[in-house]
Amino acid sequence: MGDVSIRPAEQADLAALAGILGDQGFFEDRFTRQAKGLGVLFTAWCSARPVGAVYLWLEDAEEPPIRGHLPGVPLLTHLEVAPEARNRGIGAALVHAAEDYLAGHGHALGALAVRTDNTRAARLYRRLGYRDWGHGTVVCYAEHVSPDGRTVSEAERCHVLVKGLPDDRPAPLAGRTCGER
């Protein structure tokens, strides 16, 4: 079926990303931010089909508690893997790509927020070396487009996790193919 590859997204990827992962407005916003140097949208591909993405937020955090305790620390946001591609190491590989970018650009720390009810994602992040930041939970806001086209902001209670960079780890996609489990 082909090897999995990870790379920063390109504007020409917008239709494919939105078609597979949904939320075209989200991807349009991230492409705009990426073009301004405010972040990097990493994408995972099986042949010509996108199967996952994570956005590396290089701006100050929007949430005041995160901004106050972690000034200037980049955030990994909106990790998503298409349902048919899950449990193949693609999410971990996307996180590692973002971490490699950060380490290569002189960052000593990365962070992320995960909903308190998203235990599966939290387990992945902890397995990848992320630890609680020690300042309690934070209210984050997720935006999505409603069926009528309005952008809706929804409050979410989140754990904030941090990780020192760089770390030593094997390449998670070495030898993986799109069809392998």
# chains A, B, ... in the order shown; residues from 1 in each chain; ligands from 1
$ residues_around --residues "A:Ile66" --least-positions-apart "2" --cutoff "12 Å" --atoms "only C-alpha atoms" --output "ChimeraX atom specification"
/A:59-64,68-75,110-113,133-140,158-162
$ residues_around --residues "stretch 7-22 of chain A" --least-positions-apart "4" --cutoff "12 Å" --atoms "only C-alpha atoms" --output "NGL selection string"
:A and (26-35 or 39-46 or 48-56 or 78-85 or 93-98 or 100-101 or 144-145)
$ select_by_dssp --residues "stretch 42-157 of chain A" --states "strand (DSSP E or B)" --output "ChimeraX atom specification"
/A:42-46,49-57,75-81,109-115,131-132,138-145,151-157
$ select_by_dssp --residues "stretch 30-177 of chain A" --states "alpha helix (DSSP H)" --output "mmCIF file with N, CA, C and O atoms, in the first residue's frame"
data_model
loop_
_atom_site.group_PDB
_atom_site.id
_atom_site.type_symbol
_atom_site.label_atom_id
_atom_site.label_comp_id
_atom_site.auth_asym_id
_atom_site.auth_seq_id
_atom_site.Cartn_x
_atom_site.Cartn_y
_atom_site.Cartn_z
ATOM 1 N N ARG A 30 -5.023 27.509 9.744
ATOM 2 C CA ARG A 30 -3.653 27.051 10.006
ATOM 3 C C ARG A 30 -2.721 27.332 8.829
ATOM 4 O O ARG A 30 -1.551 27.663 9.031
ATOM 5 N N PHE A 31 -3.225 27.234 7.602
ATOM 6 C CA PHE A 31 -2.394 27.596 6.454
ATOM 7 C C PHE A 31 -2.048 29.079 6.488
ATOM 8 O O PHE A 31 -0.919 29.466 6.182
ATOM 9 N N THR A 32 -3.005 29.914 6.853
ATOM 10 C CA THR A 32 -2.756 31.353 6.955
ATOM 11 C C THR A 32 -1.700 31.623 8.014
ATOM 12 O O THR A 32 -0.761 32.394 7.794
ATOM 13 N N ARG A 33 -1.821 30.990 9.170
ATOM 14 C CA ARG A 33 -0.833 31.162 10.243
ATOM 15 C C ARG A 33 0.539 30.647 9.811
ATOM 16 O O ARG A 33 1.559 31.273 10.079
ATOM 17 N N GLN A 34 0.561 29.495 9.153
ATOM 18 C CA GLN A 34 1.827 28.932 8.700
ATOM 19 C C GLN A 34 2.510 29.873 7.713
ATOM 20 O O GLN A 34 3.726 30.088 7.789
ATOM 21 N N ALA A 35 1.746 30.456 6.802
ATOM 22 C CA ALA A 35 2.312 31.381 5.812
ATOM 23 C C ALA A 35 2.936 32.603 6.481
ATOM 24 O O ALA A 35 3.874 33.197 5.945
ATOM 25 N N PRO A 64 -4.535 32.417 29.127
ATOM 26 C CA PRO A 64 -3.670 33.169 30.051
ATOM 27 C C PRO A 64 -2.857 32.306 31.019
ATOM 28 O O PRO A 64 -1.666 32.592 31.214
ATOM 29 N N PRO A 65 -3.419 31.240 31.621
ATOM 30 C CA PRO A 65 -2.577 30.448 32.533
ATOM 31 C C PRO A 65 -1.383 29.794 31.823
ATOM 32 O O PRO A 65 -0.282 29.751 32.374
ATOM 33 N N ILE A 66 -1.605 29.296 30.619
ATOM 34 C CA ILE A 66 -0.505 28.666 29.877
ATOM 35 C C ILE A 66 0.513 29.726 29.481
ATOM 36 O O ILE A 66 1.721 29.551 29.648
ATOM 37 N N ARG A 67 0.023 30.839 28.978
ATOM 38 C CA ARG A 67 0.913 31.941 28.579
ATOM 39 C C ARG A 67 1.733 32.418 29.780
ATOM 40 O O ARG A 67 2.919 32.705 29.655
ATOM 41 N N GLY A 68 1.113 32.483 30.964
ATOM 42 C CA GLY A 68 1.806 32.963 32.152
ATOM 43 C C GLY A 68 2.854 32.006 32.681
ATOM 44 O O GLY A 68 3.937 32.421 33.099
ATOM 45 N N HIS A 69 2.546 30.711 32.691
ATOM 46 C CA HIS A 69 3.478 29.721 33.244
ATOM 47 C C HIS A 69 4.477 29.192 32.216
ATOM 48 O O HIS A 69 5.541 28.694 32.597
ATOM 49 N N ILE A 90 1.163 6.486 13.664
ATOM 50 C CA ILE A 90 1.137 7.730 12.896
ATOM 51 C C ILE A 90 1.007 8.943 13.816
ATOM 52 O O ILE A 90 1.690 9.955 13.619
ATOM 53 N N GLY A 91 0.170 8.864 14.847
ATOM 54 C CA GLY A 91 0.051 9.968 15.795
ATOM 55 C C GLY A 91 1.378 10.250 16.482
ATOM 56 O O GLY A 91 1.810 11.402 16.589
ATOM 57 N N ALA A 92 2.046 9.200 16.933
ATOM 58 C CA ALA A 92 3.356 9.357 17.576
ATOM 59 C C ALA A 92 4.365 9.960 16.604
ATOM 60 O O ALA A 92 5.159 10.830 16.971
ATOM 61 N N ALA A 93 4.327 9.523 15.359
ATOM 62 C CA ALA A 93 5.261 10.055 14.366
ATOM 63 C C ALA A 93 5.015 11.540 14.094
ATOM 64 O O ALA A 93 5.958 12.316 13.916
ATOM 65 N N LEU A 94 3.756 11.946 14.082
ATOM 66 C CA LEU A 94 3.445 13.369 13.909
ATOM 67 C C LEU A 94 3.978 14.189 15.078
ATOM 68 O O LEU A 94 4.564 15.256 14.892
ATOM 69 N N VAL A 95 3.781 13.686 16.299
ATOM 70 C CA VAL A 95 4.306 14.380 17.481
ATOM 71 C C VAL A 95 5.827 14.474 17.395
ATOM 72 O O VAL A 95 6.414 15.533 17.639
ATOM 73 N N HIS A 96 6.488 13.381 17.024
ATOM 74 C CA HIS A 96 7.947 13.391 16.918
ATOM 75 C C HIS A 96 8.429 14.377 15.847
ATOM 76 O O HIS A 96 9.450 15.037 16.039
ATOM 77 N N ALA A 97 7.704 14.492 14.745
ATOM 78 C CA ALA A 97 8.088 15.453 13.701
ATOM 79 C C ALA A 97 8.039 16.874 14.251
ATOM 80 O O ALA A 97 8.942 17.685 13.994
ATOM 81 N N ALA A 98 6.999 17.186 15.008
ATOM 82 C CA ALA A 98 6.892 18.518 15.618
ATOM 83 C C ALA A 98 8.015 18.729 16.634
ATOM 84 O O ALA A 98 8.638 19.803 16.673
ATOM 85 N N GLU A 99 8.305 17.713 17.438
ATOM 86 C CA GLU A 99 9.387 17.819 18.420
ATOM 87 C C GLU A 99 10.742 18.000 17.743
ATOM 88 O O GLU A 99 11.573 18.796 18.203
ATOM 89 N N ASP A 100 10.978 17.261 16.669
ATOM 90 C CA ASP A 100 12.242 17.402 15.936
ATOM 91 C C ASP A 100 12.394 18.818 15.394
ATOM 92 O O ASP A 100 13.483 19.394 15.437
ATOM 93 N N TYR A 101 11.296 19.369 14.888
ATOM 94 C CA TYR A 101 11.318 20.747 14.396
ATOM 95 C C TYR A 101 11.697 21.692 15.546
ATOM 96 O O TYR A 101 12.558 22.565 15.387
ATOM 97 N N LEU A 102 11.042 21.527 16.686
ATOM 98 C CA LEU A 102 11.319 22.399 17.830
ATOM 99 C C LEU A 102 12.775 22.293 18.273
ATOM 100 O O LEU A 102 13.444 23.310 18.481
ATOM 101 N N ALA A 103 13.260 21.070 18.447
ATOM 102 C CA ALA A 103 14.643 20.872 18.881
ATOM 103 C C ALA A 103 15.616 21.475 17.873
ATOM 104 O O ALA A 103 16.595 22.115 18.255
ATOM 105 N N GLY A 104 15.321 21.310 16.591
ATOM 106 C CA GLY A 104 16.171 21.862 15.544
ATOM 107 C C GLY A 104 16.158 23.384 15.484
ATOM 108 O O GLY A 104 17.046 23.994 14.895
ATOM 109 N N THR A 119 -8.809 10.284 27.633
ATOM 110 C CA THR A 119 -7.801 9.442 28.273
ATOM 111 C C THR A 119 -6.907 8.714 27.266
ATOM 112 O O THR A 119 -5.735 8.476 27.538
ATOM 113 N N ARG A 120 -7.456 8.393 26.120
ATOM 114 C CA ARG A 120 -6.652 7.695 25.096
ATOM 115 C C ARG A 120 -5.509 8.584 24.604
ATOM 116 O O ARG A 120 -4.364 8.146 24.516
ATOM 117 N N ALA A 121 -5.813 9.838 24.299
ATOM 118 C CA ALA A 121 -4.763 10.765 23.857
ATOM 119 C C ALA A 121 -3.772 11.035 24.984
ATOM 120 O O ALA A 121 -2.557 11.068 24.755
ATOM 121 N N ALA A 122 -4.272 11.217 26.200
ATOM 122 C CA ALA A 122 -3.380 11.471 27.338
ATOM 123 C C ALA A 122 -2.404 10.312 27.532
ATOM 124 O O ALA A 122 -1.220 10.518 27.818
ATOM 125 N N ARG A 123 -2.894 9.093 27.346
ATOM 126 C CA ARG A 123 -2.033 7.910 27.471
ATOM 127 C C ARG A 123 -0.922 7.947 26.405
ATOM 128 O O ARG A 123 0.238 7.657 26.699
ATOM 129 N N LEU A 124 -1.266 8.308 25.180
ATOM 130 C CA LEU A 124 -0.263 8.432 24.123
ATOM 131 C C LEU A 124 0.788 9.472 24.503
ATOM 132 O O LEU A 124 1.988 9.213 24.418
ATOM 133 N N TYR A 125 0.342 10.644 24.928
ATOM 134 C CA TYR A 125 1.287 11.717 25.255
ATOM 135 C C TYR A 125 2.201 11.328 26.414
ATOM 136 O O TYR A 125 3.396 11.605 26.382
ATOM 137 N N ARG A 126 1.652 10.654 27.402
ATOM 138 C CA ARG A 126 2.496 10.226 28.526
ATOM 139 C C ARG A 126 3.502 9.172 28.061
ATOM 140 O O ARG A 126 4.660 9.176 28.489
ATOM 141 N N ARG A 127 3.067 8.284 27.195
ATOM 142 C CA ARG A 127 3.988 7.283 26.648
ATOM 143 C C ARG A 127 5.122 7.955 25.866
ATOM 144 O O ARG A 127 6.247 7.450 25.823
#
